[in-house]
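Visitor: CSV, C-alpha atoms, file final20.csv:
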chain,number,residue,atom,x,y,z
A,1,MET,CA,1.1,-9.9,-27.4
A,2,THR,CA,2.0,-6.2,-27.1
A,3,LYS,CA,4.0,-5.5,-23.9
A,4,LEU,CA,4.4,-2.3,-22.0
A,5,THR,CA,8.2,-1.8,-21.4
A,6,PHE,CA,10.7,0.8,-20.6
A,7,GLY,CA,14.5,1.1,-21.0
A,8,ILE,CA,16.4,3.7,-18.9
A,9,SER,CA,19.9,4.4,-17.9
A,10,MET,CA,20.3,4.7,-14.2
A,11,SER,CA,23.3,5.4,-11.9
A,12,LEU,CA,24.1,2.8,-9.3
A,13,ASP,CA,22.6,5.2,-6.7
A,14,GLY,CA,19.3,5.2,-8.6
A,15,PHE,CA,19.3,8.5,-10.6
A,16,ILE,CA,18.3,9.0,-14.2
A,17,ALA,CA,19.4,12.6,-14.3
A,18,GLY,CA,21.8,14.6,-12.2
A,19,PRO,CA,21.1,17.6,-10.0
A,20,ASN,CA,20.8,21.2,-11.3
A,21,GLN,CA,19.2,20.5,-14.7
A,22,THR,CA,19.4,23.5,-16.9
A,23,LEU,CA,18.8,24.3,-20.6
A,24,GLU,CA,22.5,23.9,-21.3
A,25,GLU,CA,22.8,20.8,-19.1
A,26,ALA,CA,19.5,19.1,-19.6
A,27,LEU,CA,20.6,15.8,-17.9
A,28,GLY,CA,21.9,17.7,-14.9
A,29,ARG,CA,25.3,17.6,-13.4
A,30,GLY,CA,27.0,14.3,-14.4
A,31,GLY,CA,23.8,13.1,-16.2
A,32,GLU,CA,25.6,12.6,-19.5
A,33,LYS,CA,27.7,9.9,-17.8
A,34,LEU,CA,24.6,7.7,-17.7
A,35,HIS,CA,24.4,7.6,-21.5
A,36,GLU,CA,28.0,7.4,-22.6
A,37,TRP,CA,27.5,3.8,-23.5
A,38,ALA,CA,24.6,4.7,-25.8
A,39,PHE,CA,26.2,7.7,-27.4
A,40,ALA,CA,29.1,5.5,-28.5
A,41,ALA,CA,26.9,2.8,-30.0
A,42,THR,CA,26.3,2.5,-33.7
A,43,ALA,CA,22.6,1.8,-33.3
A,44,TRP,CA,22.0,4.9,-31.2
A,45,ARG,CA,24.0,7.1,-33.6
A,46,LYS,CA,22.2,5.7,-36.6
A,47,SER,CA,18.7,6.3,-35.1
A,48,HIS,CA,19.8,9.9,-34.5
A,49,GLY,CA,21.1,10.4,-38.1
A,50,MET,CA,24.8,10.0,-37.2
A,51,SER,CA,27.3,7.6,-38.7
A,52,GLY,CA,30.1,5.7,-37.0
A,53,GLY,CA,30.1,4.3,-33.5
A,54,GLU,CA,30.8,0.9,-32.0
A,55,ASN,CA,29.1,-2.3,-33.0
A,56,ASN,CA,29.1,-4.0,-29.6
A,57,ALA,CA,26.8,-5.7,-27.1
A,58,ASP,CA,25.5,-2.2,-26.1
A,59,SER,CA,24.6,-1.4,-29.7
A,60,ASP,CA,22.8,-4.8,-30.0
A,61,VAL,CA,20.6,-3.9,-26.9
A,62,ILE,CA,19.6,-0.6,-28.5
A,63,GLU,CA,19.0,-2.3,-31.9
A,64,GLU,CA,16.7,-4.9,-30.2
A,65,SER,CA,14.7,-2.2,-28.5
A,66,LEU,CA,14.3,-0.2,-31.7
A,67,ARG,CA,13.2,-3.3,-33.5
A,68,ASN,CA,10.7,-4.4,-30.9
A,69,THR,CA,9.1,-1.0,-30.2
A,70,GLY,CA,6.0,0.0,-32.2
A,71,ALA,CA,4.9,3.0,-30.3
A,72,THR,CA,6.3,5.3,-27.5
A,73,LEU,CA,4.5,6.9,-24.6
A,74,MET,CA,6.0,9.9,-22.9
A,75,GLY,CA,5.3,12.7,-20.5
A,76,ARG,CA,4.7,16.3,-21.6
A,77,ARG,CA,8.1,17.5,-20.4
A,78,MET,CA,9.9,14.8,-22.5
A,79,PHE,CA,8.3,16.2,-25.7
A,80,SER,CA,10.5,19.0,-27.1
A,81,GLY,CA,9.4,18.7,-30.8
A,82,GLY,CA,12.7,17.0,-31.5
A,83,GLY,CA,13.7,18.9,-34.6
A,84,ASP,CA,12.4,18.2,-38.1
A,85,GLU,CA,13.2,14.5,-38.0
A,86,PRO,CA,12.9,13.0,-34.5
A,87,PRO,CA,14.6,9.7,-33.7
A,88,PHE,CA,11.5,7.6,-33.1
A,89,HIS,CA,10.3,6.7,-36.6
A,90,HIS,CA,7.0,5.4,-35.1
A,91,PRO,CA,3.9,6.8,-33.4
A,92,VAL,CA,4.5,8.7,-30.2
A,93,PHE,CA,1.8,9.4,-27.6
A,94,VAL,CA,2.4,12.4,-25.3
A,95,LEU,CA,0.6,12.6,-21.9
A,96,THR,CA,-0.7,16.1,-21.5
A,97,HIS,CA,-3.3,18.1,-19.7
A,98,HIS,CA,-4.3,20.1,-22.7
A,99,ALA,CA,-5.9,19.0,-26.0
A,100,ARG,CA,-3.7,19.6,-29.0
A,101,GLU,CA,-3.7,18.6,-32.7
A,102,PRO,CA,-1.4,15.7,-33.7
A,103,LEU,CA,1.9,16.6,-35.2
A,104,THR,CA,3.4,14.6,-38.1
A,105,LEU,CA,7.1,15.0,-38.8
A,106,GLN,CA,9.6,13.5,-41.2
A,107,GLY,CA,10.9,10.0,-40.8
A,108,GLY,CA,7.6,8.3,-39.8
A,109,THR,CA,7.2,10.0,-36.4
A,110,THR,CA,3.7,11.3,-35.4
A,111,PHE,CA,3.0,12.9,-32.0
A,112,THR,CA,-0.4,12.4,-30.6
A,113,PHE,CA,-1.4,14.3,-27.5
A,114,VAL,CA,-3.6,12.4,-25.0
A,115,ASN,CA,-5.3,14.3,-22.2
A,116,ASP,CA,-7.5,11.7,-20.6
A,117,GLY,CA,-5.1,9.7,-18.5
A,118,ILE,CA,-2.4,7.0,-18.6
A,119,GLU,CA,-4.8,4.1,-19.4
A,120,SER,CA,-6.3,5.8,-22.4
A,121,ALA,CA,-2.8,6.7,-23.6
A,122,LEU,CA,-1.8,3.1,-23.3
A,123,GLU,CA,-4.8,1.9,-25.3
A,124,HIS,CA,-4.0,4.4,-28.1
A,125,ALA,CA,-0.3,3.3,-28.1
A,126,LYS,CA,-1.1,-0.4,-28.1
A,127,ALA,CA,-3.5,0.0,-31.0
A,128,ALA,CA,-0.7,1.9,-32.9
A,129,ALA,CA,2.0,-0.6,-32.0
A,130,GLY,CA,0.4,-3.5,-33.8
A,131,ASP,CA,2.2,-6.7,-32.7
A,132,LYS,CA,5.2,-4.7,-31.4
A,133,ASP,CA,5.7,-3.3,-27.9
A,134,VAL,CA,4.9,0.0,-26.4
A,135,LEU,CA,7.9,1.7,-24.8
A,136,VAL,CA,7.5,4.3,-22.0
A,137,GLY,CA,10.1,6.9,-22.9
A,138,GLY,CA,10.0,8.8,-19.6
A,139,GLY,CA,10.2,10.8,-17.6
A,140,ALA,CA,10.6,9.2,-14.2
A,141,SER,CA,7.1,10.2,-13.0
A,142,VAL,CA,5.4,8.6,-16.1
A,143,VAL,CA,7.4,5.4,-15.5
A,144,GLN,CA,6.3,5.5,-11.8
A,145,GLN,CA,2.7,6.0,-12.7
A,146,TYR,CA,2.6,3.0,-15.0
A,147,LEU,CA,4.5,0.8,-12.6
A,148,LYS,CA,2.3,1.9,-9.7
A,149,ALA,CA,-0.9,1.1,-11.7
A,150,GLY,CA,0.4,-2.4,-12.4
A,151,LEU,CA,0.5,-1.8,-16.1
A,152,LEU,CA,4.2,-2.3,-16.8
A,153,ASP,CA,5.3,-5.7,-18.1
A,154,GLU,CA,9.0,-5.5,-18.6
A,155,MET,CA,11.9,-3.1,-18.0
A,156,ASP,CA,15.5,-2.7,-19.1
A,157,ILE,CA,17.6,-1.0,-16.5
A,158,HIS,CA,21.0,0.1,-17.9
A,159,VAL,CA,23.1,0.5,-14.7
A,160,ALA,CA,25.9,3.0,-15.4
A,161,PRO,CA,29.0,2.8,-13.2
A,162,VAL,CA,28.7,6.2,-11.5
A,163,PHE,CA,27.3,7.7,-8.3
A,164,LEU,CA,25.5,11.0,-9.2
A,165,GLY,CA,24.8,11.8,-5.5
A,166,ASP,CA,21.6,13.6,-6.3
A,167,GLY,CA,19.1,14.3,-9.1
A,168,VAL,CA,16.0,12.6,-10.4
A,169,ARG,CA,15.3,9.2,-8.8
A,170,LEU,CA,13.8,6.5,-11.0
A,171,PHE,CA,12.2,4.4,-8.4
A,172,GLU,CA,10.3,6.4,-5.8
A,173,ASN,CA,6.7,7.3,-5.2
A,174,LEU,CA,5.8,3.7,-6.0
A,175,GLY,CA,3.4,3.4,-3.1
A,176,PRO,CA,3.6,0.9,-0.2
A,177,GLN,CA,2.8,-2.2,-2.2
A,178,LEU,CA,5.4,-4.9,-2.4
A,179,ARG,CA,6.1,-5.9,-6.0
A,180,GLU,CA,7.9,-9.0,-7.0
A,181,ILE,CA,9.9,-8.9,-10.2
A,182,GLU,CA,11.9,-11.5,-12.0
A,183,CYS,CA,15.3,-11.0,-13.6
A,184,MET,CA,15.1,-12.2,-17.2
A,185,ARG,CA,18.5,-11.3,-18.6
A,186,VAL,CA,21.8,-9.7,-17.6
A,187,ILE,CA,24.2,-8.4,-20.3
A,188,GLU,CA,27.4,-6.9,-19.1
A,189,SER,CA,29.7,-4.7,-21.2
A,190,PRO,CA,32.7,-2.6,-20.2
A,191,ALA,CA,30.6,0.5,-20.1
A,192,VAL,CA,27.3,-0.6,-18.5
A,193,THR,CA,25.3,-3.5,-17.1
A,194,HIS,CA,22.0,-4.2,-18.8
A,195,LEU,CA,19.4,-5.8,-16.4
A,196,ARG,CA,16.0,-6.9,-17.8
A,197,TYR,CA,13.1,-7.6,-15.3
A,198,ARG,CA,9.6,-8.8,-15.7
A,199,VAL,CA,6.9,-7.6,-13.4
A,200,VAL,CA,5.3,-10.6,-11.7
A,201,LYS,CA,1.5,-10.2,-11.9
B,1,MET,CA,46.8,-5.1,0.3
B,2,THR,CA,43.9,-4.9,2.7
B,3,LYS,CA,40.8,-3.4,1.0
B,4,LEU,CA,37.7,-1.9,2.6
B,5,THR,CA,34.7,-3.6,1.1
B,6,PHE,CA,31.0,-4.1,1.7
B,7,GLY,CA,28.4,-6.6,0.6
B,8,ILE,CA,24.7,-5.8,0.9
B,9,SER,CA,21.5,-7.1,-0.5
B,10,MET,CA,19.4,-4.3,-2.1
B,11,SER,CA,16.0,-4.2,-3.8
B,12,LEU,CA,15.9,-2.9,-7.4
B,13,ASP,CA,14.4,0.3,-6.0
B,14,GLY,CA,17.4,0.8,-3.7
B,15,PHE,CA,16.3,-0.3,-0.3
B,16,ILE,CA,18.3,-2.5,2.2
B,17,ALA,CA,15.4,-2.8,4.6
B,18,GLY,CA,11.6,-2.3,4.2
B,19,PRO,CA,9.4,0.2,6.0
B,20,ASN,CA,8.0,-0.2,9.5
B,21,GLN,CA,11.0,-2.0,11.1
B,22,THR,CA,9.9,-3.6,14.4
B,23,LEU,CA,11.5,-6.0,16.9
B,24,GLU,CA,9.4,-8.8,15.3
B,25,GLU,CA,10.2,-7.7,11.8
B,26,ALA,CA,13.7,-6.3,12.1
B,27,LEU,CA,14.2,-6.0,8.3
B,28,GLY,CA,10.9,-4.1,7.8
B,29,ARG,CA,8.0,-5.1,5.6
B,30,GLY,CA,9.2,-7.3,2.8
B,31,GLY,CA,12.9,-6.9,3.9
B,32,GLU,CA,13.3,-10.7,4.3
B,33,LYS,CA,12.8,-11.0,0.5
B,34,LEU,CA,16.2,-9.3,0.1
B,35,HIS,CA,18.0,-12.1,1.8
B,36,GLU,CA,16.1,-15.2,0.6
B,37,TRP,CA,19.0,-16.1,-1.7
B,38,ALA,CA,21.4,-16.0,1.3
B,39,PHE,CA,19.1,-17.9,3.7
B,40,ALA,CA,19.0,-20.7,1.2
B,41,ALA,CA,22.7,-21.0,0.6
B,42,THR,CA,24.9,-23.6,2.3
B,43,ALA,CA,27.7,-21.1,3.1
B,44,TRP,CA,25.3,-18.7,4.9
B,45,ARG,CA,23.7,-21.5,6.9
B,46,LYS,CA,27.0,-23.0,7.9
B,47,SER,CA,28.3,-19.6,9.1
B,48,HIS,CA,25.2,-19.4,11.2
B,49,GLY,CA,25.5,-22.9,12.7
B,50,MET,CA,22.9,-24.5,10.4
B,51,SER,CA,23.3,-27.5,8.1
B,52,GLY,CA,21.8,-28.0,4.7
B,53,GLY,CA,21.1,-25.4,2.0
B,54,GLU,CA,22.1,-25.1,-1.6
B,55,ASN,CA,25.6,-25.3,-3.0
B,56,ASN,CA,25.2,-22.8,-5.8
B,57,ALA,CA,26.7,-19.7,-7.3
B,58,ASP,CA,25.1,-17.6,-4.5
B,59,SER,CA,26.7,-19.9,-1.8
B,60,ASP,CA,30.1,-19.4,-3.6
B,61,VAL,CA,29.7,-15.6,-3.4
B,62,ILE,CA,29.1,-15.8,0.4
B,63,GLU,CA,32.0,-18.4,0.8
B,64,GLU,CA,34.3,-16.0,-1.0
B,65,SER,CA,33.4,-13.1,1.2
B,66,LEU,CA,33.8,-15.1,4.4
B,67,ARG,CA,37.2,-16.4,3.1
B,68,ASN,CA,38.5,-12.9,2.2
B,69,THR,CA,37.2,-11.0,5.3
B,70,GLY,CA,39.6,-10.6,8.2
B,71,ALA,CA,37.6,-8.0,10.2
B,72,THR,CA,34.2,-6.4,10.2
B,73,LEU,CA,33.2,-2.8,10.9
B,74,MET,CA,29.7,-2.0,11.9
B,75,GLY,CA,27.5,0.7,13.4
B,76,ARG,CA,26.2,0.6,16.9
B,77,ARG,CA,22.7,-0.3,15.9
B,78,MET,CA,23.9,-3.4,14.0
B,79,PHE,CA,25.5,-4.8,17.1
B,80,SER,CA,23.0,-6.8,19.1
B,81,GLY,CA,25.4,-9.1,20.8
B,82,GLY,CA,24.5,-11.9,18.5
B,83,GLY,CA,24.0,-14.7,21.0
B,84,ASP,CA,26.8,-16.8,22.5
B,85,GLU,CA,28.4,-17.6,19.2
B,86,PRO,CA,28.0,-14.8,16.6
B,87,PRO,CA,28.5,-15.7,12.9
B,88,PHE,CA,31.6,-13.6,12.3
B,89,HIS,CA,34.5,-15.7,13.6
B,90,HIS,CA,36.9,-12.8,13.3
B,91,PRO,CA,37.4,-9.4,15.0
B,92,VAL,CA,34.5,-7.0,14.8
B,93,PHE,CA,34.8,-3.2,15.4
B,94,VAL,CA,31.7,-1.4,16.5
B,95,LEU,CA,31.4,2.4,15.9
B,96,THR,CA,30.0,3.9,19.0
B,97,HIS,CA,29.8,7.2,20.9
B,98,HIS,CA,30.5,5.6,24.3
B,99,ALA,CA,33.6,3.8,25.5
B,100,ARG,CA,33.0,0.2,26.4
B,101,GLU,CA,35.2,-2.8,27.2
B,102,PRO,CA,35.8,-5.3,24.4
B,103,LEU,CA,33.7,-8.4,24.4
B,104,THR,CA,35.1,-11.9,23.5
B,105,LEU,CA,32.6,-14.5,22.5
B,106,GLN,CA,32.8,-18.1,21.3
B,107,GLY,CA,33.9,-19.0,17.8
B,108,GLY,CA,36.6,-16.5,17.5
B,109,THR,CA,34.5,-13.3,17.5
B,110,THR,CA,35.7,-10.3,19.5
B,111,PHE,CA,33.7,-7.0,19.6
B,112,THR,CA,35.8,-3.9,20.0
B,113,PHE,CA,34.0,-0.6,20.5
B,114,VAL,CA,35.6,2.4,18.8
B,115,ASN,CA,34.5,5.9,19.8
B,116,ASP,CA,36.9,8.2,18.0
B,117,GLY,CA,35.6,8.1,14.5
B,118,ILE,CA,35.4,6.1,11.3
B,119,GLU,CA,39.1,6.5,10.3
B,120,SER,CA,40.3,5.3,13.6
B,121,ALA,CA,37.9,2.3,13.5
B,122,LEU,CA,39.2,1.5,10.0
B,123,GLU,CA,42.8,1.6,11.2
B,124,HIS,CA,42.0,-0.8,14.0
B,125,ALA,CA,40.1,-3.1,11.7
B,126,LYS,CA,42.9,-3.1,9.1
B,127,ALA,CA,45.5,-4.0,11.7
B,128,ALA,CA,43.3,-6.8,12.9
B,129,ALA,CA,42.5,-8.1,9.3
B,130,GLY,CA,46.1,-8.9,8.5
B,131,ASP,CA,46.4,-9.6,4.7
B,132,LYS,CA,42.6,-10.1,4.4
B,133,ASP,CA,39.9,-7.4,3.8
B,134,VAL,CA,37.9,-5.3,6.1
B,135,LEU,CA,34.1,-5.6,5.5
B,136,VAL,CA,31.6,-2.8,6.4
B,137,GLY,CA,28.7,-4.8,7.8
B,138,GLY,CA,26.3,-1.9,7.9
B,139,GLY,CA,24.0,-0.1,8.5
B,140,ALA,CA,23.4,2.1,5.6
B,141,SER,CA,24.7,5.2,7.3
B,142,VAL,CA,28.0,3.6,8.1
B,143,VAL,CA,28.4,2.5,4.5
B,144,GLN,CA,27.5,6.1,3.4
B,145,GLN,CA,30.0,7.6,5.7
B,146,TYR,CA,32.9,5.5,4.4
B,147,LEU,CA,31.8,6.0,0.8
B,148,LYS,CA,31.5,9.7,1.3
B,149,ALA,CA,35.0,9.9,2.9
B,150,GLY,CA,36.5,8.2,-0.1
B,151,LEU,CA,37.7,5.2,2.0
B,152,LEU,CA,35.8,2.4,0.3
B,153,ASP,CA,37.6,0.3,-2.3
B,154,GLU,CA,35.0,-2.3,-3.4
B,155,MET,CA,31.4,-3.2,-3.0
B,156,ASP,CA,29.2,-6.2,-3.7
B,157,ILE,CA,25.6,-5.2,-4.4
B,158,HIS,CA,23.3,-8.2,-4.4
B,159,VAL,CA,20.3,-6.9,-6.4
B,160,ALA,CA,17.2,-8.8,-5.2
B,161,PRO,CA,14.2,-9.0,-7.6
B,162,VAL,CA,11.7,-7.0,-5.7
B,163,PHE,CA,10.4,-3.4,-5.2
B,164,LEU,CA,10.0,-2.6,-1.5
B,165,GLY,CA,8.5,0.8,-2.3
B,166,ASP,CA,9.9,2.3,0.9
B,167,GLY,CA,12.3,1.7,3.7
B,168,VAL,CA,16.0,2.3,4.3
B,169,ARG,CA,17.9,3.5,1.2
B,170,LEU,CA,21.4,2.3,0.7
B,171,PHE,CA,22.7,5.1,-1.5
B,172,GLU,CA,21.7,8.5,-0.3
B,173,ASN,CA,23.4,11.4,1.7
B,174,LEU,CA,26.5,10.8,-0.5
B,175,GLY,CA,27.0,14.5,-1.0
B,176,PRO,CA,27.2,16.3,-4.3
B,177,GLN,CA,30.5,14.8,-5.5
B,178,LEU,CA,30.3,12.8,-8.7
B,179,ARG,CA,32.0,9.4,-8.1
B,180,GLU,CA,33.1,7.1,-10.9
B,181,ILE,CA,33.0,3.4,-10.2
B,182,GLU,CA,33.9,0.4,-12.3
B,183,CYS,CA,31.9,-2.8,-12.7
B,184,MET,CA,34.4,-5.6,-12.0
B,185,ARG,CA,32.1,-8.6,-12.0
B,186,VAL,CA,28.5,-9.7,-12.6
B,187,ILE,CA,27.2,-13.1,-11.4
B,188,GLU,CA,23.6,-13.9,-12.1
B,189,SER,CA,21.6,-16.6,-10.4
B,190,PRO,CA,17.9,-17.3,-10.4
B,191,ALA,CA,17.4,-15.6,-7.1
B,192,VAL,CA,19.7,-12.5,-7.2
B,193,THR,CA,22.2,-10.6,-9.4
B,194,HIS,CA,25.6,-10.0,-7.8
B,195,LEU,CA,27.3,-6.8,-9.0
B,196,ARG,CA,30.8,-6.0,-7.9
B,197,TYR,CA,32.1,-2.4,-8.3
B,198,ARG,CA,35.5,-0.8,-7.6
B,199,VAL,CA,35.6,2.9,-6.5
B,200,VAL,CA,37.8,4.8,-9.0
B,201,LYS,CA,40.2,6.9,-7.0
Go ahead and express the file in the form of structure tokens.
Guide:
Amino acid sequence: MTKLTFGISMSLDGFIAGPNQTLEEALGRGGEKLHEWAFAATAWRKSHGMSGGENNADSDVIEESLRNTGATLMGRRMFSGGGDEPPFHHPVFVLTHHAREPLTLQGGTTFTFVNDGIESALEHAKAAAGDKDVLVGGGASVVQQYLKAGLLDEMDIHVAPVFLGDGVRLFENLGPQLREIECMRVIESPAVTHLRYRVVK
Amino acid sequence: MTKLTFGISMSLDGFIAGPNQTLEEALGRGGEKLHEWAFAATAWRKSHGMSGGENNADSDVIEESLRNTGATLMGRRMFSGGGDEPPFHHPVFVLTHHAREPLTLQGGTTFTFVNDGIESALEHAKAAAGDKDVLVGGGASVVQQYLKAGLLDEMDIHVAPVFLGDGVRLFENLGPQLREIECMRVIESPAVTHLRYRVVK
């Protein structure tokens, strides 16, 4: 059955981007530190058209996510066009307030713009994903909306060994409801700790 | 060498107590969920004068901390007197704004009140700890003060599988400084994930 998942790198103090995000420093001050483990991994480099990198446990985690994901959901601000050949290679659904024609790019990536809410976007993405999973690609507010609505099934939190001190928090605005989750898997590597949780429904 | 450490149970969304703390519900709504793993462990029960419990990886983590800790530092609000025989069984230093006579209770626990700052309290605690470690027993603001001052050496974060949604955040007010940490150990159990980090200095 198709699951709704997300996978995000987070600092131990809970941030997925640092403070002072600018065009030059899109991840904010220190934000690149969250992703060093991914930038070094063969699977990430390959999906971004680069060679080299390390074949390690971190790369396996990325490889697994790429293999299992049939469609991606993302917020409007995450969509930047991504150049001629974006790294998704599958259908992407962009949550937006304004209708817009779909965009088909090289490498099997199509962007479809959905302007009638998160549940509709999820339905479109699930239909496109086939028997694979739908991944929420961010940003934080989109993850929060799906979590709050009780629609998320699983999440991979990649805990990076750094305190950013400030920035964009992943887990806030979740509302007052207590939510039980279950840790399904822990993979540790020298660069990051991968935690997988299932939302108990 | 004596290290300054702390060990705290935290929800995946970063809270060490839930919202709406009252006398009846001191840990706030849902806060007890953070500590279920400890309440069930033999070592915790024994240190609180109770028998029974489970001898598992969680109990070993508590046992290790009890064995390694020679003195505890805590904020004024954490000090409640603790009954006739508090669970520390070693010297405790309480950060306070008002001078007060030390208090000696049964079971080897003495409370000393320090009103000249966190560095002075740490010196007192280190002297009392001998070759063991000094543990910051909370609350969040005391942990934050020691972390911000660059005085913390190691921390055990026990990540409980729950979203509390609101409450007392462990990691905030840390200031704008980027801090690198290093994951030293991961122990997973069905009830909780124990992460140990070293502060890189």
Visitor: Got a sec: who's within 8 Å of Asp58 of chain B, counting all atoms listed in the file, leaving out chain neighbours fewer than 4 positions off, as a PDB file with C-alpha atoms, in the frame of the given file?
Guide:
ATOM      1  CA  TRP B  37      19.000 -16.100  -1.700  1.00  0.00           C
ATOM      2  CA  ALA B  38      21.400 -16.000   1.300  1.00  0.00           C
ATOM      3  CA  ALA B  41      22.700 -21.000   0.600  1.00  0.00           C
ATOM      4  CA  ILE B  62      29.100 -15.800   0.400  1.00  0.00           C
ATOM      5  CA  SER B 189      21.600 -16.600 -10.400  1.00  0.00           C
ATOM      6  CA  VAL B 192      19.700 -12.500  -7.200  1.00  0.00           C
TER       7      VAL B 192
END
Visitor: Within 12 Å of (16.5, 14.3, -41.4) (file coordinates; all atoms listed in the file), which protein or nucleic acid residues are there? I'd like them as a list in words.
Guide: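 Those within range, by chain then number, are Lys46, Ser47, His48, Gly49, Met50, Gly82, Gly83, Asp84, Glu85, Pro86, Pro87, Phe88, His89, Leu105, Gln106, Gly107, Gly108 and Thr109 of chain A.
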Visitor: Between A:Thr42, A:Ser11, A:Thr193, A:Asn115, single out the one closest to Glu63 of chain A, counting only C-alpha atoms.
Guide: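 Result for the nearest residue to Glu63 of chain A: A:Thr42.
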Visitor: For the atom pair atom CA of Leu73 of chain B and atom CA of Ala99 of chain B, what is the interatomic distance in Å to one decimal place?
Guide: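 Taking atom CA of Leu73 of chain B and atom CA of Ala99 of chain B, their separation equals 16.0 Å.
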Visitor: Report the closest atom pair, with its distance in Å rounded to one decimal, for each residue of chain A that has an atom no farther than 7 Å from chain B; count only C-alpha atoms, sort by chain and then rising residue number, and write it as JSON lines.
Guide:
{"residue": "A:Asp13", "atom": "CA", "partner": "B:Phe171", "partner_atom": "CA", "distance": 5.2}
{"residue": "A:Gly14", "atom": "CA", "partner": "B:Gly14", "partner_atom": "CA", "distance": 6.9}
{"residue": "A:Gly30", "atom": "CA", "partner": "B:Leu178", "partner_atom": "CA", "distance": 6.8}
{"residue": "A:Pro161", "atom": "CA", "partner": "B:Ile181", "partner_atom": "CA", "distance": 5.0}
{"residue": "A:Val162", "atom": "CA", "partner": "B:Glu180", "partner_atom": "CA", "distance": 4.5}
{"residue": "A:Phe163", "atom": "CA", "partner": "B:Arg179", "partner_atom": "CA", "distance": 5.0}
{"residue": "A:Leu164", "atom": "CA", "partner": "B:Leu178", "partner_atom": "CA", "distance": 5.2}
{"residue": "A:Gly165", "atom": "CA", "partner": "B:Pro176", "partner_atom": "CA", "distance": 5.2}
{"residue": "A:Asp166", "atom": "CA", "partner": "B:Pro176", "partner_atom": "CA", "distance": 6.5}
{"residue": "A:Phe171", "atom": "CA", "partner": "B:Asp13", "partner_atom": "CA", "distance": 5.2}
{"residue": "A:Glu172", "atom": "CA", "partner": "B:Gly165", "partner_atom": "CA", "distance": 6.8}
{"residue": "A:Leu174", "atom": "CA", "partner": "B:Gly165", "partner_atom": "CA", "distance": 5.4}
{"residue": "A:Gly175", "atom": "CA", "partner": "B:Gly165", "partner_atom": "CA", "distance": 5.8}
{"residue": "A:Pro176", "atom": "CA", "partner": "B:Gly165", "partner_atom": "CA", "distance": 5.3}
{"residue": "A:Gln177", "atom": "CA", "partner": "B:Gly165", "partner_atom": "CA", "distance": 6.4}
{"residue": "A:Leu178", "atom": "CA", "partner": "B:Leu164", "partner_atom": "CA", "distance": 5.2}
{"residue": "A:Arg179", "atom": "CA", "partner": "B:Phe163", "partner_atom": "CA", "distance": 5.0}
{"residue": "A:Glu180", "atom": "CA", "partner": "B:Val162", "partner_atom": "CA", "distance": 4.5}
{"residue": "A:Ile181", "atom": "CA", "partner": "B:Pro161", "partner_atom": "CA", "distance": 5.0}
{"residue": "A:Glu182", "atom": "CA", "partner": "B:Pro161", "partner_atom": "CA", "distance": 5.6}
{"residue": "A:Cys183", "atom": "CA", "partner": "B:Pro161", "partner_atom": "CA", "distance": 6.4}
Visitor: When you draw a straight line from atom CA of Val136 of chain B to atom CA of Phe6 of chain B, how long is it in Å?
Guide: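 Going from atom CA of Val136 of chain B over to atom CA of Phe6 of chain B, I get 4.9 Å.
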Visitor: So, with only C-alpha atoms as the atoms that count, which of B:Met155, B:Phe93, B:Thr2, B:Asn55 lies closest to Lys132 of chain B?
Guide: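 When distances to Lys132 of chain B are compared using only C-alpha atoms, the smallest one comes from B:Thr2.
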Visitor: Could you state the separation of atom CA of Lys201 of chain B and atom CA of Leu34 of chain B in Å, given to one decimal place?
Guide: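 About the pair atom CA of Lys201 of chain B and atom CA of Leu34 of chain B: they are 29.8 Å apart.
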Visitor: Could you check which of A:Ala17, A:Ala43, A:Leu147, A:Leu4 is closest to Leu66 of chain A, using all atoms listed in the file?
Guide: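 Ranking A:Ala17, A:Ala43, A:Leu147, A:Leu4 by distance to Leu66 of chain A, first place goes to A:Ala43.
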Visitor: Find the spatial neighbours of Asp131 of chain B, counting only C-alpha atoms, within a cut-off of 10 Å - ignore same-chain residues fewer than 5 positions away - and output them as a list in words.
Guide: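 In the requested format, the answer is Met1, Thr2, Lys3, Asn68, Thr69, Gly70 and Lys126 of chain B.
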Visitor: Taking all atoms listed in the file into account, name the residue in A:Arg196, A:Arg67, A:His124, A:His97 that is nearest to Asp153 of chain A.
Guide: A:Arg196
Visitor: Just the residues within 10 Å of Gly137 of chain A, please, counting all atoms listed in the file, with nothing from its chain fewer than 4 positions along; format it as number ranges by chain.
Guide: A: 5-8, 71-75, 78-79, 92-94, 142-143
Visitor: So that all listed atoms of segment 46-58 of chain B fit with 8 Å spare on each side, what axis-aligned box centre and edge lengths in Å, to one decimal, would you give as lines of an AutoDock Vina configuration file?
Guide:
center_x = 24.7
center_y = -22.8
center_z = 2.7
size_x = 23.2
size_y = 26.4
size_z = 36.0
Visitor: Pick out the closest residue to Phe111 of chain B from this set: B:Ser80, B:Ala127, B:Ala140, B:Val168. Count all atoms listed in the file.
Guide: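 Nearest candidate to Phe111 of chain B out of B:Ser80, B:Ala127, B:Ala140, B:Val168: B:Ser80.
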